[in-house]
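**Student:** Once you've had a glance at the structure underneath, I'll fire off some questions.
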Amino acid sequence: MGPDIEIWRGSSVQLHSGTKGSYQYQWTPSISLNDPTSPDPEGRPDQTTRYTLTATDKYGCSTDATIVITVYERIWIPDSFSPNGDNINDSWELRGIESYPLAEVTIFNRWGEVVFFSKQYKYPFDGTLQNSPLPTGVYVYQIKPSPSQPVLRGSLMIVK
């Protein structure tokens, strides 16, 4: 069936039995599969799920195989915020990051200096460095959701 698969919550994935010929197929659990009796169903699991496929031939002989679909929560990353004290978008809030208790967030200025670092991201970035407001401009972020996931990189704008 191939290697285990990683997807974002809300995404779908095509599962492949890898078999040819005349078999009866049964995927378990059947939840989140469009057709649990198909050799290649589409799955949309809401959480990490271990699927087992049982393929049975016309003589009643069967074999099992498993695959794990790991489901990651998406992190919504805004591209700007305005820490101007009006209580609207005053901090850079990363929705979904609470699903990653080991997350590390680093923000750099245009010279590559770290202006913000957080392990576990308990408090959103408020646009300050040592209690002084940072200037309006573009900053670069790096988010490590977990040790096993790829690093997310991009830019954000502080607007006042």
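Naming scheme: A, B, ... for chains in displayed order of the structure tokens; residues 1 onward per chain; ligands 1 onward as shown.
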Using only C-alpha atoms, which protein or nucleic acid residues come within 7 Å of segment 49-60 of chain A? Drop anything in the same chain fewer than 6 positions from it, and give the result as a list in words.
**Tutor:** Ser22, Tyr23, Gln24, Tyr25, Gln26, Trp27, Thr28, Pro29, Thr66, Ile67, Val68, Ile69 and Thr70 of chain A
**Student:** Write to file, as a short mmCIF file (atom, residue, chain, number, x, y, z; two decimals), in the first residue's frame, the residues of the selection just made, with C-alpha atoms.
**Tutor:**
data_model
loop_
_atom_site.label_atom_id
_atom_site.label_comp_id
_atom_site.auth_asym_id
_atom_site.auth_seq_id
_atom_site.Cartn_x
_atom_site.Cartn_y
_atom_site.Cartn_z
CA SER A 22 -10.48 -10.16 -8.51
CA TYR A 23 -10.63 -9.55 -4.76
CA GLN A 24 -13.19 -8.42 -2.25
CA TYR A 25 -11.95 -5.42 -0.31
CA GLN A 26 -12.83 -4.19 3.16
CA TRP A 27 -11.23 -1.14 4.73
CA THR A 28 -11.61 -0.63 8.48
CA PRO A 29 -12.48 1.62 10.06
CA THR A 66 -2.28 -1.24 7.21
CA ILE A 67 -1.55 2.40 6.50
CA VAL A 68 -1.58 5.37 8.85
CA ILE A 69 -2.96 8.71 7.71
CA THR A 70 -1.56 11.41 10.00
#
**Student:** Against segment 73-89 of chain A, which residues of segment 2-52 of chain A fall within 12 Å? For each one I want the closest pair of atoms and the distance in Å (one decimal), counting only C-alpha atoms, rows by chain and increasing residue number, as a tab-separated table.
**Tutor:**
residue	atom	partner	partner_atom	distance
A:Glu6	CA	A:Glu73	CA	10.9
A:Ile7	CA	A:Glu73	CA	8.9
A:Trp8	CA	A:Glu73	CA	5.9
A:Arg9	CA	A:Glu73	CA	5.3
A:Gly10	CA	A:Glu73	CA	8.7
A:Ser11	CA	A:Arg74	CA	10.2
A:Pro45	CA	A:Glu73	CA	11.8
A:Asp46	CA	A:Glu73	CA	9.4
A:Gln47	CA	A:Glu73	CA	9.0
A:Thr48	CA	A:Glu73	CA	10.4
**Student:** Take the residues just selected and output them with N, CA, C and O atoms as an mmCIF file, in the first residue's frame.
**Tutor:**
data_model
loop_
_atom_site.group_PDB
_atom_site.id
_atom_site.type_symbol
_atom_site.label_atom_id
_atom_site.label_comp_id
_atom_site.auth_asym_id
_atom_site.auth_seq_id
_atom_site.Cartn_x
_atom_site.Cartn_y
_atom_site.Cartn_z
ATOM 1 N N GLU A 6 0.742 11.826 5.246
ATOM 2 C CA GLU A 6 0.432 12.975 6.086
ATOM 3 C C GLU A 6 -0.413 13.944 5.276
ATOM 4 O O GLU A 6 -0.104 14.220 4.105
ATOM 5 N N ILE A 7 -1.481 14.466 5.902
ATOM 6 C CA ILE A 7 -2.354 15.435 5.234
ATOM 7 C C ILE A 7 -2.736 16.524 6.226
ATOM 8 O O ILE A 7 -2.593 16.371 7.436
ATOM 9 N N TRP A 8 -3.263 17.629 5.698
ATOM 10 C CA TRP A 8 -3.824 18.694 6.527
ATOM 11 C C TRP A 8 -5.289 18.377 6.795
ATOM 12 O O TRP A 8 -5.978 17.822 5.928
ATOM 13 N N ARG A 9 -5.780 18.736 7.977
ATOM 14 C CA ARG A 9 -7.196 18.543 8.299
ATOM 15 C C ARG A 9 -8.039 19.222 7.220
ATOM 16 O O ARG A 9 -7.741 20.329 6.805
ATOM 17 N N GLY A 10 -9.054 18.524 6.753
ATOM 18 C CA GLY A 10 -9.925 19.043 5.706
ATOM 19 C C GLY A 10 -9.528 18.602 4.308
ATOM 20 O O GLY A 10 -10.271 18.805 3.363
ATOM 21 N N SER A 11 -8.348 18.011 4.172
ATOM 22 C CA SER A 11 -7.888 17.520 2.870
ATOM 23 C C SER A 11 -8.350 16.083 2.676
ATOM 24 O O SER A 11 -8.687 15.390 3.629
ATOM 25 N N PRO A 45 -10.106 11.722 6.602
ATOM 26 C CA PRO A 45 -10.167 11.579 8.059
ATOM 27 C C PRO A 45 -9.996 12.912 8.763
ATOM 28 O O PRO A 45 -9.259 13.784 8.297
ATOM 29 N N ASP A 46 -10.685 13.065 9.887
ATOM 30 C CA ASP A 46 -10.626 14.280 10.684
ATOM 31 C C ASP A 46 -9.523 14.212 11.728
ATOM 32 O O ASP A 46 -9.168 15.220 12.316
ATOM 33 N N GLN A 47 -9.029 13.017 11.966
ATOM 34 C CA GLN A 47 -7.950 12.825 12.934
ATOM 35 C C GLN A 47 -7.051 11.707 12.429
ATOM 36 O O GLN A 47 -7.423 10.969 11.520
ATOM 37 N N THR A 48 -5.883 11.588 13.006
ATOM 38 C CA THR A 48 -4.951 10.543 12.598
ATOM 39 C C THR A 48 -5.628 9.182 12.744
ATOM 40 O O THR A 48 -6.223 8.884 13.779
#
**Student:** Considering only C-alpha atoms, return as a VMD selection string whatever protein or nucleic-acid residues lie within 6 Å of segment 146-156 of chain A, sequence-local ones (same chain, fewer than 3 positions apart) excluded.
**Tutor:** chain A and resid 79 to 80 102 to 103 138 to 143
**Student:** Which is closest to Pro39 of chain A among A:Ala65, A:Leu15, A:Leu129, A:Val114, if we use only C-alpha atoms?
**Tutor:**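 Using only C-alpha atoms, Pro39 of chain A sits closest to A:Leu15.
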**Student:** Among chain A, which ones does DSSP assign to strand (DSSP E) (computed from the backbone)? Answer as a ChimeraX atom specification.
**Tutor:** /A:5-8,13-14,24-28,42-43,49-56,62-72,80-81,104-108,114-119,128-129,132-133,137-144,152-158
**Student:** Using only C-alpha atoms for the distances, tell me which of A:Cys61, A:Val105, A:Leu33, A:Val159 is nearest to Glu93 of chain A.
**Tutor:**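 Ranked by minimum distance to Glu93 of chain A, first place goes to A:Val105.
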**Student:** Using atom CA of Lys144 of chain A and atom CA of Glu42 of chain A as the two end points, give the distance in Å to one decimal.
**Tutor:** 29.4 Å
**Student:** Given the choices A:Tyr123, A:Trp92, A:Tyr100, A:Trp111, which gets closest to Ile158 of chain A if the distance is worked out from only C-alpha atoms?
**Tutor:**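 For Ile158 of chain A, the nearest of the given residues is A:Trp92.
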**Student:** What does the structure give for the distance between atom CA of Ser132 of chain A and atom CA of Pro101 of chain A, in Å to one decimal?
**Tutor:**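 Distance reported for this atom pair: 27.7 Å.
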